[in-house]
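File shown here: query-v1.cif, holding mmCIF, C-alpha atoms.
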```
data_target
#
loop_
_atom_site.label_atom_id
_atom_site.label_comp_id
_atom_site.auth_asym_id
_atom_site.auth_seq_id
_atom_site.Cartn_x
_atom_site.Cartn_y
_atom_site.Cartn_z
CA MET A 1036 -10.84 37.17 6.59
CA LYS A 1037 -9.76 35.68 9.93
CA LYS A 1038 -11.75 32.88 11.54
CA ASN A 1039 -12.59 33.24 15.24
CA ILE A 1040 -11.99 29.90 16.96
CA LEU A 1041 -12.92 28.83 20.49
CA PHE A 1042 -11.22 25.78 22.01
CA LEU A 1043 -12.89 24.45 25.17
CA ILE A 1044 -11.08 21.99 27.46
CA GLU A 1045 -11.44 21.14 31.15
CA SER A 1046 -7.87 22.18 32.06
CA LEU A 1047 -4.33 22.26 30.68
CA SER A 1048 -2.93 19.72 33.13
CA GLY A 1049 -0.15 17.40 32.03
CA GLY A 1050 -1.94 14.94 29.75
CA GLY A 1051 -1.38 14.10 26.10
CA ALA A 1052 -4.46 15.90 24.76
CA GLU A 1053 -3.65 19.02 26.79
CA LYS A 1054 -0.10 19.01 25.43
CA ILE A 1055 -1.37 18.59 21.88
CA LEU A 1056 -3.77 21.52 22.29
CA SER A 1057 -0.95 23.79 23.49
CA ILE A 1058 1.11 22.78 20.43
CA LEU A 1059 -1.83 23.22 18.07
CA VAL A 1060 -2.85 26.72 19.14
CA SER A 1061 0.81 27.81 19.19
CA HIS A 1062 1.27 26.84 15.53
CA LEU A 1063 -2.03 27.80 13.91
CA ASN A 1064 -1.39 30.79 11.67
CA PRO A 1065 -2.38 33.94 13.64
CA GLU A 1066 -2.96 35.72 10.33
CA LYS A 1067 -5.77 33.23 9.58
CA PHE A 1068 -7.21 32.64 13.04
CA ASN A 1069 -8.16 34.60 16.15
CA ILE A 1070 -7.86 31.99 18.88
CA THR A 1071 -9.61 31.83 22.25
CA LEU A 1072 -8.72 28.97 24.57
CA CYS A 1073 -11.10 28.48 27.49
CA CYS A 1074 -10.42 26.10 30.38
CA ILE A 1075 -13.20 25.12 32.74
CA VAL A 1076 -10.62 25.09 35.56
CA ASN A 1077 -7.62 27.44 35.42
CA LYS A 1078 -5.06 24.74 36.01
CA GLY A 1079 -2.19 23.18 34.09
CA ILE A 1080 1.47 23.30 33.20
CA TYR A 1081 0.83 24.42 29.62
CA ILE A 1082 -0.88 27.73 30.44
CA ASP A 1083 2.40 29.64 30.72
CA LYS A 1084 3.59 28.19 27.40
CA LEU A 1085 0.79 29.78 25.37
CA PRO A 1086 1.78 32.58 22.97
CA ALA A 1087 0.74 36.10 23.91
CA TYR A 1088 -1.64 36.39 20.96
CA ILE A 1089 -3.84 33.56 22.32
CA ASN A 1090 -6.84 34.86 24.22
CA TYR A 1091 -6.72 32.60 27.27
CA THR A 1092 -9.67 32.56 29.65
CA TYR A 1093 -11.24 30.28 32.25
CA ILE A 1094 -14.41 29.71 34.25
CA LEU A 1095 -13.12 28.47 37.63
CA SER A 1096 -9.96 29.61 39.41
CA ASN A 1097 -7.20 27.17 40.28
CA PRO A 1098 -8.41 25.52 43.52
CA ASP A 1099 -4.81 24.88 44.61
CA LYS A 1100 -4.18 28.61 44.99
CA LEU A 1101 -7.27 29.73 46.91
CA GLY A 1102 -7.94 30.68 50.51
CA PHE A 1103 -10.77 29.27 52.62
CA TRP A 1104 -13.65 31.45 51.38
CA SER A 1105 -12.49 31.36 47.78
CA THR A 1106 -12.23 27.57 47.99
CA LEU A 1107 -15.77 27.40 49.31
CA SER A 1108 -16.95 29.62 46.45
CA PHE A 1109 -15.08 27.39 43.99
CA LYS A 1110 -16.79 24.25 45.31
CA ILE A 1111 -20.24 25.81 45.03
CA LYS A 1112 -19.64 27.08 41.51
CA TYR A 1113 -18.06 23.74 40.51
CA LYS A 1114 -21.12 21.88 41.78
CA LEU A 1115 -23.42 24.22 39.88
CA ILE A 1116 -21.55 23.80 36.61
CA TYR A 1117 -20.93 20.07 36.76
CA SER A 1118 -24.08 18.81 38.50
CA ILE A 1119 -26.94 21.26 38.92
CA LEU A 1120 -27.34 23.79 36.11
CA PRO A 1121 -28.80 22.70 32.75
CA LEU A 1122 -25.95 22.50 30.27
CA LYS A 1123 -27.54 25.08 27.99
CA LEU A 1124 -27.30 27.58 30.86
CA VAL A 1125 -23.68 26.62 31.55
CA TYR A 1126 -22.97 27.42 27.92
CA LYS A 1127 -25.04 30.63 27.95
CA TRP A 1128 -23.59 32.05 31.17
CA PHE A 1129 -19.96 30.90 31.13
CA ILE A 1130 -18.66 30.12 27.63
CA PRO A 1131 -17.12 32.91 25.47
CA LYS A 1132 -19.32 33.91 22.55
CA HIS A 1133 -19.00 35.17 18.96
CA ALA A 1134 -16.72 32.39 17.62
CA ASP A 1135 -17.09 31.17 14.05
CA ILE A 1136 -15.90 27.72 15.18
CA GLU A 1137 -16.43 26.12 18.61
CA ILE A 1138 -14.26 23.10 19.39
CA ALA A 1139 -14.73 20.71 22.30
CA PHE A 1140 -11.16 19.50 22.35
CA VAL A 1141 -11.56 16.45 24.61
CA GLU A 1142 -14.37 13.95 24.85
CA GLY A 1143 -16.37 14.26 28.06
CA PHE A 1144 -17.74 17.33 29.83
CA ALA A 1145 -16.39 19.91 27.37
CA THR A 1146 -18.16 17.99 24.60
CA ARG A 1147 -21.41 17.99 26.58
CA ILE A 1148 -21.29 21.78 27.02
CA ILE A 1149 -20.66 22.63 23.36
CA ALA A 1150 -23.29 20.09 22.29
CA HIS A 1151 -25.87 22.06 24.31
CA SER A 1152 -25.08 25.48 22.85
CA THR A 1153 -28.53 25.62 21.30
CA THR A 1154 -28.38 29.32 20.41
CA SER A 1155 -24.95 29.26 18.77
CA LYS A 1156 -24.58 29.73 15.00
CA ALA A 1157 -20.94 28.60 15.08
CA ARG A 1158 -19.58 25.57 13.30
CA GLN A 1159 -19.15 23.05 16.13
CA ILE A 1160 -16.48 20.35 16.22
CA ALA A 1161 -15.84 17.53 18.70
CA TRP A 1162 -12.20 16.41 18.95
CA VAL A 1163 -11.78 12.83 20.20
CA HIS A 1164 -8.44 11.55 21.53
CA THR A 1165 -9.17 8.02 22.66
CA ASP A 1166 -10.62 4.73 21.45
CA LEU A 1167 -14.14 4.91 22.90
CA ILE A 1168 -14.61 1.15 22.61
CA ASN A 1169 -11.52 0.06 24.54
CA ASN A 1170 -11.45 3.14 26.79
CA HIS A 1171 -15.08 4.12 27.22
CA TRP A 1172 -14.38 6.42 30.15
CA ILE A 1173 -17.06 8.98 29.27
CA THR A 1174 -19.65 6.87 31.11
CA GLN A 1175 -18.56 9.13 33.99
CA VAL A 1176 -20.39 12.05 32.35
CA TYR A 1177 -23.12 10.32 30.34
CA LYS A 1178 -26.10 8.31 31.54
CA SER A 1179 -26.35 6.14 28.42
CA LYS A 1180 -24.87 5.40 25.01
CA GLU A 1181 -27.98 6.96 23.48
CA GLN A 1182 -27.23 10.23 25.28
CA GLU A 1183 -23.65 10.12 23.97
CA LYS A 1184 -24.85 9.61 20.39
CA GLU A 1185 -27.39 12.41 20.74
CA ASP A 1186 -24.66 14.85 21.79
CA TYR A 1187 -22.23 13.84 19.05
CA SER A 1188 -24.95 14.04 16.42
CA ARG A 1189 -25.31 17.77 17.19
CA PHE A 1190 -21.77 18.53 15.96
CA SER A 1191 -21.08 19.48 12.36
CA ALA A 1192 -17.88 17.41 12.46
CA ILE A 1193 -16.14 14.91 14.75
CA VAL A 1194 -12.34 14.68 14.57
CA GLY A 1195 -10.62 11.42 15.51
CA VAL A 1196 -6.85 11.53 16.02
CA SER A 1197 -6.18 8.09 14.49
CA GLY A 1198 -7.80 5.50 12.26
CA MET A 1199 -8.70 3.27 15.19
CA VAL A 1200 -10.26 6.20 17.08
CA CYS A 1201 -12.39 7.00 14.00
CA ASN A 1202 -13.40 3.36 13.56
CA ALA A 1203 -14.42 3.15 17.23
CA LEU A 1204 -16.55 6.30 16.82
CA LYS A 1205 -18.29 4.81 13.80
CA LYS A 1206 -18.97 1.54 15.61
CA GLN A 1207 -20.27 3.31 18.70
CA TYR A 1208 -22.43 5.98 17.10
CA GLY A 1209 -22.55 5.60 13.33
CA LEU A 1210 -22.37 9.24 12.12
CA SER A 1211 -19.77 8.24 9.49
CA ASP A 1212 -20.51 11.33 7.40
CA LYS A 1213 -19.36 13.59 10.26
CA ILE A 1214 -16.11 11.79 11.19
CA ILE A 1215 -12.70 12.90 9.90
CA GLN A 1216 -9.21 11.76 10.84
CA LEU A 1217 -6.59 14.40 11.70
CA ASN A 1218 -3.38 13.22 13.33
CA ASN A 1219 -1.89 15.12 16.26
CA PRO A 1220 0.65 17.86 15.53
CA ILE A 1221 4.07 17.37 17.14
CA ASP A 1222 6.81 20.04 17.23
CA ALA A 1223 9.81 17.87 16.31
CA ASP A 1224 12.34 20.71 16.20
CA ALA A 1225 11.44 21.84 19.74
CA ILE A 1226 11.69 18.26 21.04
CA ILE A 1227 15.14 17.76 19.53
CA LYS A 1228 16.38 21.08 20.94
CA LEU A 1229 15.12 20.21 24.42
CA SER A 1230 16.73 16.78 24.25
CA LEU A 1231 20.13 18.43 23.83
CA LEU A 1232 19.91 20.49 27.02
CA PRO A 1233 22.37 19.42 29.72
CA ILE A 1234 21.13 17.27 32.61
CA LYS A 1235 22.77 16.05 35.76
CA SER A 1236 25.37 13.33 35.32
CA ILE A 1237 23.83 9.89 34.92
CA ASP A 1238 25.92 6.77 35.24
CA LYS A 1239 25.74 4.52 32.22
CA ASN A 1240 26.09 0.92 33.31
CA LYS A 1241 25.87 -2.30 31.33
CA ASN A 1242 22.09 -2.42 31.60
CA ILE A 1243 19.75 -1.99 28.66
CA ARG A 1244 17.67 0.97 29.79
CA PHE A 1245 13.97 1.03 28.92
CA VAL A 1246 11.94 4.22 29.16
CA SER A 1247 8.21 4.95 29.10
CA VAL A 1248 6.47 8.31 29.41
CA GLY A 1249 2.91 8.92 30.50
CA ARG A 1250 0.47 9.33 33.34
CA LEU A 1251 0.67 6.61 35.95
CA GLU A 1252 -2.86 5.40 35.30
CA ASN A 1253 -4.39 1.99 34.74
CA GLN A 1254 -4.81 2.41 30.97
CA LYS A 1255 -1.03 2.74 30.53
CA GLY A 1256 -0.49 -0.84 31.65
CA TYR A 1257 2.53 -0.05 33.81
CA ASP A 1258 1.69 -2.85 36.22
CA ARG A 1259 2.38 -5.37 33.48
CA LEU A 1260 5.51 -3.51 32.38
CA LEU A 1261 6.92 -3.72 35.91
CA ASN A 1262 6.13 -7.41 35.96
CA ILE A 1263 7.98 -7.83 32.66
CA VAL A 1264 11.07 -6.18 34.14
CA TYR A 1265 10.82 -8.48 37.15
CA ARG A 1266 10.59 -11.56 34.90
CA LEU A 1267 13.57 -10.44 32.84
CA LYS A 1268 15.64 -9.79 35.99
CA GLN A 1269 14.75 -13.28 37.23
CA GLU A 1270 16.20 -14.61 33.99
CA SER A 1271 19.42 -12.60 34.56
CA TYR A 1272 18.89 -9.99 31.84
CA ASN A 1273 20.70 -6.72 32.59
CA VAL A 1274 17.82 -4.29 32.23
CA GLU A 1275 16.42 -1.25 33.98
CA LEU A 1276 13.31 0.87 33.52
CA TRP A 1277 12.68 4.59 33.82
CA LEU A 1278 9.08 5.79 34.10
CA LEU A 1279 8.53 9.51 33.47
CA GLY A 1280 5.17 10.77 34.68
CA ASP A 1281 2.88 10.88 37.68
CA GLY A 1282 -0.63 9.76 38.52
CA THR A 1283 -2.96 7.79 40.77
CA GLU A 1284 -1.12 4.47 40.29
CA ARG A 1285 2.17 5.77 41.73
CA ASN A 1286 1.81 4.23 45.20
CA LYS A 1287 0.69 0.91 43.74
CA LEU A 1288 3.73 0.81 41.47
CA MET A 1289 6.08 1.82 44.29
CA ASN A 1290 4.71 -0.98 46.46
CA TYR A 1291 5.34 -3.47 43.67
CA ILE A 1292 8.91 -2.22 43.28
CA SER A 1293 9.53 -2.56 47.01
CA GLN A 1294 7.93 -6.01 47.32
CA HIS A 1295 9.97 -7.38 44.41
CA LYS A 1296 13.23 -5.64 45.42
CA LEU A 1297 13.49 -3.69 42.17
CA GLU A 1298 14.65 -0.39 43.67
CA THR A 1299 17.96 -0.50 41.74
CA SER A 1300 16.25 -1.53 38.50
CA ILE A 1301 13.20 0.75 38.24
CA THR A 1302 13.14 4.53 38.70
CA LEU A 1303 9.94 6.57 38.93
CA TRP A 1304 11.07 10.04 37.88
CA GLY A 1305 7.70 11.72 38.31
CA PHE A 1306 6.49 14.41 35.94
CA GLN A 1307 9.28 16.03 33.93
CA ALA A 1308 8.87 19.40 32.20
CA ASN A 1309 11.59 18.27 29.80
CA PRO A 1310 11.43 14.47 29.49
CA TYR A 1311 13.42 14.45 26.25
CA ALA A 1312 16.90 14.86 27.72
CA LEU A 1313 16.22 11.84 29.93
CA MET A 1314 14.71 9.83 27.08
CA LYS A 1315 17.90 10.37 25.08
CA GLN A 1316 19.82 8.53 27.81
CA CYS A 1317 17.83 5.34 27.14
CA ASP A 1318 18.13 2.41 24.76
CA LEU A 1319 14.51 1.42 24.10
CA PHE A 1320 11.09 3.07 24.38
CA VAL A 1321 8.37 0.73 25.63
CA CYS A 1322 4.64 1.49 25.42
CA SER A 1323 2.65 -1.02 27.50
CA SER A 1324 -0.71 0.73 27.12
CA ILE A 1325 -4.02 -1.08 27.23
CA CYS A 1326 -5.49 1.71 25.08
CA GLU A 1327 -4.38 4.97 23.47
CA GLY A 1328 -5.71 7.53 21.03
CA TYR A 1329 -2.64 8.64 19.10
CA SER A 1330 0.34 8.34 21.41
CA THR A 1331 2.26 11.59 21.79
CA ALA A 1332 4.98 9.79 23.77
CA VAL A 1333 5.59 7.15 21.08
CA THR A 1334 5.74 9.86 18.42
CA GLU A 1335 8.26 11.80 20.51
CA ALA A 1336 10.37 8.66 21.00
CA VAL A 1337 10.50 8.18 17.23
CA ILE A 1338 11.48 11.83 16.76
CA LEU A 1339 14.37 11.27 19.19
CA GLY A 1340 15.51 8.19 17.25
CA LEU A 1341 14.69 5.69 20.00
CA PRO A 1342 13.77 2.16 18.94
CA VAL A 1343 10.14 1.52 19.90
CA ILE A 1344 8.20 -1.54 20.98
CA THR A 1345 4.51 -1.12 21.77
CA THR A 1346 1.34 -3.02 22.38
CA ASP A 1347 -1.22 -2.89 19.58
CA CYS A 1348 -3.49 0.03 20.42
CA SER A 1349 -4.96 2.99 18.61
CA GLY A 1350 -2.57 5.11 16.56
CA MET A 1351 0.40 2.73 16.57
CA ASN A 1352 -0.09 1.51 13.00
CA GLU A 1353 -0.15 5.12 11.80
CA ILE A 1354 2.93 6.15 13.78
CA LEU A 1355 5.00 3.04 13.05
CA GLN A 1356 3.52 2.34 9.61
CA ASN A 1357 2.19 -1.13 10.47
CA GLY A 1358 5.42 -2.21 12.14
CA GLN A 1359 7.86 -0.91 9.54
CA TYR A 1360 9.43 1.57 11.96
CA GLY A 1361 8.95 -0.22 15.28
CA ILE A 1362 7.63 -3.41 16.83
CA ILE A 1363 3.90 -3.75 17.53
CA THR A 1364 2.97 -6.76 19.69
CA LYS A 1365 -0.40 -8.15 20.63
CA ASN A 1366 -1.97 -6.22 23.50
CA SER A 1367 -1.01 -8.54 26.35
CA GLU A 1368 1.73 -8.80 28.94
CA GLU A 1369 3.00 -12.09 27.51
CA ALA A 1370 3.25 -10.75 23.94
CA LEU A 1371 5.07 -7.61 25.08
CA TYR A 1372 7.40 -9.69 27.27
CA GLN A 1373 8.27 -11.98 24.37
CA GLY A 1374 8.81 -8.99 22.07
CA ILE A 1375 11.18 -7.25 24.48
CA LYS A 1376 13.02 -10.51 25.19
CA GLY A 1377 13.48 -11.06 21.46
CA LEU A 1378 15.11 -7.62 21.13
CA LEU A 1379 17.42 -8.31 24.08
CA ASP A 1380 18.47 -11.59 22.50
CA SER A 1381 19.20 -9.86 19.19
CA PRO A 1382 21.25 -6.66 19.54
CA ASN A 1383 21.24 -6.29 15.75
CA GLN A 1384 17.45 -5.97 15.87
CA LEU A 1385 17.71 -3.21 18.46
CA ALA A 1386 20.20 -1.34 16.24
CA TYR A 1387 17.95 -1.89 13.21
CA TYR A 1388 14.90 -0.34 14.86
CA LYS A 1389 16.97 2.58 16.06
CA LYS A 1390 17.82 3.33 12.44
CA GLN A 1391 14.18 2.88 11.47
CA SER A 1392 13.10 5.45 14.08
CA GLU A 1393 15.69 7.87 12.76
CA LEU A 1394 14.27 7.42 9.26
CA ARG A 1395 10.67 7.87 10.40
CA SER A 1396 11.48 10.94 12.49
CA LYS A 1397 11.93 12.98 9.31
CA ASP A 1398 8.19 12.69 8.63
CA PHE A 1399 7.14 14.54 11.79
CA ARG A 1400 7.75 18.13 10.78
CA ILE A 1401 5.26 20.50 12.39
CA GLU A 1402 4.47 22.31 9.12
CA SER A 1403 3.27 19.15 7.38
CA LEU A 1404 1.14 18.11 10.38
CA ILE A 1405 -0.48 21.53 10.92
CA LYS A 1406 -1.45 22.14 7.27
CA PRO A 1407 -4.33 19.60 7.03
CA ILE A 1408 -5.71 20.90 10.34
CA GLU A 1409 -5.61 24.51 9.11
CA ASP A 1410 -7.21 23.50 5.81
CA PHE A 1411 -10.01 21.69 7.68
CA LEU A 1412 -10.66 24.59 10.06
CA TYR A 1413 -10.57 27.25 7.35
CA ALA A 1414 -12.86 25.36 4.96
#
```
Kindly present the structure from the file in structure tokens form.
Amino acid sequence: MKKNILFLIESLSGGGAEKILSILVSHLNPEKFNITLCCIVNKGIYIDKLPAYINYTYILSNPDKLGFWSTLSFKIKYKLIYSILPLKLVYKWFIPKHADIEIAFVEGFATRIIAHSTTSKARQIAWVHTDLINNHWITQVYKSKEQEKEDYSRFSAIVGVSGMVCNALKKQYGLSDKIIQLNNPIDADAIIKLSLLPIKSIDKNKNIRFVSVGRLENQKGYDRLLNIVYRLKQESYNVELWLLGDGTERNKLMNYISQHKLETSITLWGFQANPYALMKQCDLFVCSSICEGYSTAVTEAVILGLPVITTDCSGMNEILQNGQYGIITKNSEEALYQGIKGLLDSPNQLAYYKKQSELRSKDFRIESLIKPIEDFLYA
């Protein structure tokens, strides 16, 4: 008998969790699951990528595509949902019903709504994508840690996407009997195919080209990565950096580039629908993050056979097997700088970690990553 599953998320905009959800629902066996995906706001690049058999729905229209009166209506309804109505009424009036399993796929407001579905008989699951000790951003939607724990205690299970995410959940809330680790599914075959698509001609100079992919937000630590590039250039290393992604830190990073005359050394590519063809043009993937959950970008770099160096944050030990398949430095600018400098001073090391990524990439087949998730959901 098929299970009816509801996934609730705020939108399908271009973040890691949103990307993972689009991969997950596209690979769950449609003979086992009837899938409904509900966004609070009908917005995001992954909507058009959903298979036809997914029942996609939303509560609020995309505000970027509305006229004056519709925009006014959106703002009123948004205020009602996010600030005024009791959450149990938000659930009762706006969330699709009759699911066997209800999943709040990202910590935050979606989790609050499902936690207040007091009349539901569904099995309810909270899916957590970040280390809630080092990135405790949900204070934006909760008044206290006690309120957070109360909501999470209402779920029958809490999924953490890495060991560190699960450990942070246990330290924050206890609830150890509810917490299970399930790593993110990644479609390696699709990534490799996209990486082979032709792109415009790019000059290959003598520089070692670093690449990093992610939202231009504070938690990604790109300010310290830019400073590392500046320090290396001051020491006459032939390096350049490509950043693929967009976000609120863009102007700050552009100002830094201008002030330090790094225009020929650092390129901000913005969001790329297909980052993989550009990543393949690079020599080293660098993750400078202050915190992560289970880095999709690092996993994709490994799949593409790029050598990886990363700060020590959640998920990296699982992806790189405690440093066997890439370099994990302490989570500081100085440690990352010294790690990158060591690779530049030892080309053999760079070649070694490229081979290690190629070895590790064989472990990221979508079938093997989806199976434990299906088994958990169908239990």
| request: Convert the output of the PyMOL selection byres ((chain A and resi 1285) around 12) on the shown file into explicit residues, formatted as a list of chain:residue names. | output: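 Going through the file, the PyMOL selection byres ((chain A and resi 1285) around 12) ends up selecting A:Gly1249, A:Arg1250, A:Leu1251, A:Glu1252, A:Asn1253, A:Tyr1257, A:Asp1258, A:Leu1278, A:Leu1279, A:Gly1280, A:Asp1281, A:Gly1282, A:Thr1283, A:Glu1284, A:Asn1286, A:Lys1287, A:Leu1288, A:Met1289, A:Asn1290, A:Tyr1291, A:Ile1292, A:Thr1302, A:Leu1303, A:Trp1304, A:Gly1305, A:Phe1306.
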Can you pull out every residue within 7 Å of stretch 1153-1158 of chain A, counting only C-alpha atoms, but drop anything in the same chain fewer than 6 positions away, and send it as a PDB file with C-alpha atoms, in the coordinates of the input?
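Writing the result to part.pdb gives the following:
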```pdb
ATOM      1  CA  LYS A1123     -27.540  25.080  27.990  1.00  0.00           C
ATOM      2  CA  ALA A1134     -16.720  32.390  17.620  1.00  0.00           C
ATOM      3  CA  ASP A1135     -17.090  31.170  14.050  1.00  0.00           C
ATOM      4  CA  ILE A1136     -15.900  27.720  15.180  1.00  0.00           C
ATOM      5  CA  GLU A1137     -16.430  26.120  18.610  1.00  0.00           C
ATOM      6  CA  SER A1191     -21.080  19.480  12.360  1.00  0.00           C
TER       7      SER A1191
END
```
Using only the atoms of stretch 1348-1366 of chain A listed in the file, plus 3 Å on each side, state the axis-aligned box centre and edge lengths in Å rounded to one decimal, as lines of an AutoDock Vina configuration file.
```
center_x = 2.2
center_y = -1.0
center_z = 16.5
size_x = 20.4
size_y = 20.3
size_z = 20.0
```
| request: Enumerate, as a ChimeraX atom specification, the protein, DNA and RNA residues whose atoms approach (-20.0, 16.8, 12.5) to within 8 Å, taking into account all atoms listed in the file and the coordinate frame of the file. | output: /A:1159-1161,1187-1193,1210,1212-1214
| task | I would like the residues chosen by the PyMOL selection byres ((chain A and resi 1399-1414) around 6) on the shown file; could you give them as a ChimeraX atom specification? | result | /A:1220-1223,1396-1398
| Just how far from atom CA of A:Ala1312 is atom CA of A:Val1343, in Å to one decimal? |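 Calculated distance between atom CA of A:Val1343 and atom CA of A:Ala1312 is 16.9 Å.
Residue nearest A:Tyr1387 within the list A:Leu1261, A:Ile1089, A:Leu1319, A:Ile1138: A:Leu1319 [criterion: smallest interatomic distance, only C-alpha atoms].
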| Pick from A:Asn1097, A:Ser1152, A:Gln1391, A:Gln1269, whichever lies nearest to A:Leu1122 using all atoms listed in the file | A:Ser1152
| Among the residues A:Arg1244, A:Lys1205, A:His1171, A:Lys1296, the one that comes closest to A:Asn1262 [using all atoms listed in the file] | A:Lys1296
Could you state which residues are captured by the PyMOL selection byres ((chain A and resi 1053-1068) around 6) in this file, as a CSV table (one decimal) with C-alpha atoms, in the frame of the given file?
```csv
chain,number,residue,atom,x,y,z
A,1037,LYS,CA,-9.8,35.7,9.9
A,1038,LYS,CA,-11.8,32.9,11.5
A,1039,ASN,CA,-12.6,33.2,15.2
A,1047,LEU,CA,-4.3,22.3,30.7
A,1050,GLY,CA,-1.9,14.9,29.8
A,1051,GLY,CA,-1.4,14.1,26.1
A,1052,ALA,CA,-4.5,15.9,24.8
A,1069,ASN,CA,-8.2,34.6,16.2
A,1070,ILE,CA,-7.9,32.0,18.9
```
| task | Mind giving me the straight-line distance from atom CA of A:Lys1228 to atom CA of A:Tyr1311 in Å, one decimal? | result |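 Rounded to one decimal, the two atoms are 9.0 Å apart.
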| query | Suppose you want the space between atom CA of A:Asn1242 and atom CA of A:Arg1266; what is it in Å? | reply | 15.1 Å
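Proximity of A:Asn1273, A:Lys1255, A:Gly1198, A:Thr1071 to A:His1133, computed with only C-alpha atoms, is greatest for A:Thr1071.
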| Using all atoms listed in the file, can you list as an NGL selection string the residues within 9 Å of (18.1, 13.5, 22.8)? | :A and (1226-1232 or 1311-1316 or 1339-1341)
| message | Report as a PyMOL selection string all protein, DNA and RNA residues lying within 6 Å of stretch 1349-1351 of chain A, evaluated on all atoms listed in the file, omitting residues in the same chain fewer than 4 positions from it. | response | chain A and resi 1197+1199+1327-1329+1355
| message | When you count all atoms listed in the file, which of these residues is closest to A:Asn1170: A:Ala1203, A:Ile1094, A:Ile1338, A:Val1248? | response | A:Ala1203
| Nearest residue to A:Ile1130 from the set A:Gly1049, A:Ser1105, A:Ser1118, A:Phe1042 (distances using all atoms listed in the file) | A:Phe1042
Missing atoms in stretch 1204-1208 of chain A need filling: write out all heavy atoms for it as a PDB file, in the frame of the given file.
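Output file rebuild-v1.pdb is given in full below:
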```pdb
ATOM      1  N   LEU A1204     -15.433   5.340  16.854  1.00  0.00           N
ATOM      2  CA  LEU A1204     -16.550   6.300  16.820  1.00  0.00           C
ATOM      3  C   LEU A1204     -17.660   5.807  15.905  1.00  0.00           C
ATOM      4  O   LEU A1204     -18.852   5.886  16.245  1.00  0.00           O
ATOM      5  CB  LEU A1204     -16.044   7.657  16.349  1.00  0.00           C
ATOM      6  CG  LEU A1204     -15.255   8.496  17.356  1.00  0.00           C
ATOM      7  CD1 LEU A1204     -14.516   9.629  16.653  1.00  0.00           C
ATOM      8  CD2 LEU A1204     -16.160   9.055  18.437  1.00  0.00           C
ATOM      9  N   LYS A1205     -17.284   5.293  14.750  1.00  0.00           N
ATOM     10  CA  LYS A1205     -18.290   4.810  13.800  1.00  0.00           C
ATOM     11  C   LYS A1205     -19.049   3.610  14.346  1.00  0.00           C
ATOM     12  O   LYS A1205     -20.265   3.499  14.174  1.00  0.00           O
ATOM     13  CB  LYS A1205     -17.614   4.464  12.472  1.00  0.00           C
ATOM     14  CG  LYS A1205     -17.077   5.680  11.729  1.00  0.00           C
ATOM     15  CD  LYS A1205     -16.220   5.287  10.527  1.00  0.00           C
ATOM     16  CE  LYS A1205     -15.590   6.518   9.885  1.00  0.00           C
ATOM     17  NZ  LYS A1205     -14.688   6.143   8.754  1.00  0.00           N
ATOM     18  N   LYS A1206     -18.325   2.713  15.032  1.00  0.00           N
ATOM     19  CA  LYS A1206     -18.970   1.540  15.610  1.00  0.00           C
ATOM     20  C   LYS A1206     -19.896   1.921  16.764  1.00  0.00           C
ATOM     21  O   LYS A1206     -20.970   1.345  16.935  1.00  0.00           O
ATOM     22  CB  LYS A1206     -17.913   0.542  16.089  1.00  0.00           C
ATOM     23  CG  LYS A1206     -17.176  -0.173  14.973  1.00  0.00           C
ATOM     24  CD  LYS A1206     -16.103  -1.092  15.522  1.00  0.00           C
ATOM     25  CE  LYS A1206     -15.322  -1.761  14.390  1.00  0.00           C
ATOM     26  NZ  LYS A1206     -14.215  -2.613  14.905  1.00  0.00           N
ATOM     27  N   GLN A1207     -19.479   2.892  17.552  1.00  0.00           N
ATOM     28  CA  GLN A1207     -20.270   3.310  18.700  1.00  0.00           C
ATOM     29  C   GLN A1207     -21.522   4.085  18.300  1.00  0.00           C
ATOM     30  O   GLN A1207     -22.604   3.883  18.861  1.00  0.00           O
ATOM     31  CB  GLN A1207     -19.429   4.189  19.645  1.00  0.00           C
ATOM     32  CG  GLN A1207     -18.413   3.420  20.484  1.00  0.00           C
ATOM     33  CD  GLN A1207     -19.049   2.746  21.684  1.00  0.00           C
ATOM     34  OE1 GLN A1207     -19.970   1.952  21.553  1.00  0.00           O
ATOM     35  NE2 GLN A1207     -18.568   3.052  22.862  1.00  0.00           N
ATOM     36  N   TYR A1208     -21.356   5.023  17.341  1.00  0.00           N
ATOM     37  CA  TYR A1208     -22.430   5.980  17.100  1.00  0.00           C
ATOM     38  C   TYR A1208     -22.919   6.042  15.656  1.00  0.00           C
ATOM     39  O   TYR A1208     -23.907   6.743  15.380  1.00  0.00           O
ATOM     40  CB  TYR A1208     -21.972   7.398  17.498  1.00  0.00           C
ATOM     41  CG  TYR A1208     -21.332   7.472  18.852  1.00  0.00           C
ATOM     42  CD1 TYR A1208     -20.031   7.946  19.005  1.00  0.00           C
ATOM     43  CD2 TYR A1208     -22.016   7.063  20.006  1.00  0.00           C
ATOM     44  CE1 TYR A1208     -19.434   8.026  20.258  1.00  0.00           C
ATOM     45  CE2 TYR A1208     -21.417   7.137  21.255  1.00  0.00           C
ATOM     46  CZ  TYR A1208     -20.123   7.613  21.374  1.00  0.00           C
ATOM     47  OH  TYR A1208     -19.526   7.678  22.610  1.00  0.00           O
TER      48      TYR A1208
END
```
